[in-house]
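Peer 1: First the structure, which I've put down as structure tokens, then a few questions once you've had a look.
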Amino acid sequence: MKLAILGGGGFRVPLVYGALLGDRAEGRVTDVVLHDLDAARLDAVTRVLAEQAAGIPDAPAVTATTDLDEALRGADFVFSAIRVGGLAGRAADERVALAEGVLGQETVGAGGIAYGLRTVPVAVDIARRVARLAPDAWVINFTNPAGLVTEAMSRHLGNRVIGICDSPVGLGRRVARVLGGNPDEAFIDYVGLNHLGWLRGLRIGGRDELPRLLADPALLGSFEEGRLFGTDWLRSLGSIPNEYLHYYYFNREAVRAYQEAEQTRGAFLRDQQARFYAEMRRTDAPALKTWDATRAEREATYMAENREAAGAGERAEQDLESGGYEQVALALMRAVARDERATLILNVRNGTTLSALDADAVIEVPCSVDANGAHPMAVSPLPGHATGLVCAVKAVEREVLAAADSGSSATAVKAFALHPLVDSVAVARRLVDGYREVHPGLAYLR
């Protein structure tokens, strides 16, 4: 099988390739094509992958190209992990928002809207090309904002595009471990939108163990989300929120921590990865070792501002393991290509799953996956406060899609103004002006 990785010069690509190296079953991926607009980044990542594959028989062959159509032609799966505007764009998103006193995180609030406005037109172009050049391919979207971008692509690819994220999986694995269960055998009852969901139950051996966790303050405070949100708030909610809900529940504290930080997350990653790619221009640089050291620093500093605001301290060693989006992607490809049925938390079209949203709205829920794709599983309704937040953010996503389709700056202003974390139409107008000034890709907004 052929896998095309868009954003193939991206820093996290070796994680995906590492997962492929561990797959020895019949029908596995045998050819990987990396696509990126930056040939130097492609060269750097190709070197890392070559060292990963050293000594491994029948490792998937790797080729690289800057020609998108060439990468897509004949693909069985397309993994999309593009970053329009690069990390410099992410840093600018943060800076413009913080100057207005609002959040600039890349998937939440003003920063997420700005990122969506410049990413959706590119993602739609990719979807149209896939439909033309690889109509039987399945698209696995990891491009942020993942739910919004998946919904944009689904308008052209239907259910053949599926969004993935490691955040809910990581949360479920941490909770399972705290409860003494095997994370690989636990069923995670998780519902919401991407980066806006709640773990409402965790069944081990058919028994929901979440009430036991919520009843034990010491146990509840022993893992990352317990320290981040505080045990009293989690018990009040009766669920464990996705870590990104910290931006909503503790917004003022998060904004203040970002404003006071020596460097925002986007700026940190911009500089860190610039050093990595600069180092990789040296032909004698140990590619895999350099990448590993950079990745370790990246994981240790994840959501540092939020932990600072919550007084949660440094990340514990057991919290450093992510949900493993590369393993989610591999399990998804196996289930579709080999009809190996799996249950995965994915971003898919709603259908009738959440009655508060229409059928085409992309949501993030447990899905049953087989050769026919991902099928959202029946879930109980969200409580009122969560339903209200989900509906409000989905309405914003729809305005982003409308603005990207029409090029209307007035619609873009509406998207910002309606977001729960942007509390002023005047601020929304200044944000649109500010983002147009720093992002040439938003010149289409008139």
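Residues in the structure tokens are named by chain (A, B, ... in the order shown) and by number from 1 within that chain; ligands are numbered from 1 in the order shown.
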List every residue of segment 81-131 of chain A that DSSP, applied to the backbone of this structure, assigns to alpha helix (DSSP H), and report them as a PyMOL selection string.
Peer 2: chain A and resi 86-99+109-131
Peer 1: Between A:Asn251, A:Gln327, A:Thr294, A:Ser380, which one has atoms that come closest to Asp271 of chain A, using only C-alpha atoms?
Peer 2: A:Thr294
Peer 1: I want to know what sits within 12 Å of segment 117-120 of chain A, based on only C-alpha atoms, with residues of the same chain fewer than 6 positions away left out; could you give that as a ChimeraX atom specification?
Peer 2: /A:80-86,89-90,93,106-107,110-111,126-127,143-155,396-409,411-413,415-416,432,435-436,438-445
Peer 1: Rounded to one decimal place, report the atom CA of Leu72 of chain A-atom CA of Gly55 of chain A distance in Å.
Peer 2: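 Separating atom CA of Leu72 of chain A from atom CA of Gly55 of chain A is a distance of 28.7 Å.
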Peer 1: Excluding same-chain residues fewer than 5 positions from segment 163-176 of chain A, what lies within 9 Å of it counting only C-alpha atoms, as a VMD selection string?
Peer 2: chain A and resid 139 to 143 146 to 147 149 to 151 181 to 184 186 to 190 194 to 195 197 to 199 202 to 204 209 to 210 213 220 223 to 225 240 to 244 318 to 319 321 to 329 344 to 348 362 364
Peer 1: Counting only C-alpha atoms, what is within 12 Å of Phe276 of chain A, bar same-chain residues fewer than 3 positions away, as a VMD selection string?
Peer 2: chain A and resid 10 to 11 40 to 41 44 to 45 48 269 to 273 279 to 282 285 to 295 297 to 298
Peer 1: Write out as a VMD selection string the residues lying within 12 Å of Pro57 of chain A, counting only C-alpha atoms and excluding same-chain residues fewer than 3 positions away.
Peer 2: chain A and resid 21 to 24 30 52 to 54 60 to 61
Peer 1: Can you list, as a list in words, every residue of segment 148-299 of chain A that DSSP puts in strand (DSSP E)?
Peer 2: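 Strand (DSSP E) members of segment 148-299 of chain A, listed: Val161, Ile162, Gly163, Phe187, Ile188, Asp189, Tyr190, Val191, Gly192, Leu193, Leu196, Gly197, Trp198, Leu199, Arg200, Gly201, Leu202, Arg203, Ile204, Arg207, Asp208, Ile240 and Pro241 of chain A.
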Peer 1: Tell me, as a PyMOL selection string, which residues lie within 9 Å of Leu157 of chain A, counting only C-alpha atoms; anything in the same chain fewer than 5 positions away does not count.
Peer 2: chain A and resi 127-128+130-131+135+138-139
Peer 1: Please determine, counting only C-alpha atoms, which residue among A:Ala359, A:Met377, A:Val255, A:Cys367 has the shortest atom-to-atom distance to Thr343 of chain A.
Peer 2: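 That would be A:Cys367, the residue with the smallest distance to Thr343 of chain A.
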Peer 1: Which one of A:Lys414, A:Asp31, A:Val161, A:Glu437 sits closest to Leu332 of chain A if you count only C-alpha atoms?
Peer 2: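 Closest residue, counting only C-alpha atoms: A:Val161.
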Peer 1: How many Å separate atom CA of Glu253 of chain A from atom CA of Val427 of chain A?
Peer 2: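 Atom CA of Val427 of chain A lies 19.3 Å from atom CA of Glu253 of chain A.
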Peer 1: What does the distance between atom CA of Asp58 of chain A and atom CA of Arg341 of chain A come to in Å, to one decimal place?
Peer 2: 25.7 Å
Peer 1: With only C-alpha atoms as the basis for distance, which of A:Ser239, A:Ala92, A:Ala50, A:Thr63 is at the shortest distance from Val191 of chain A?
Peer 2: A:Ser239
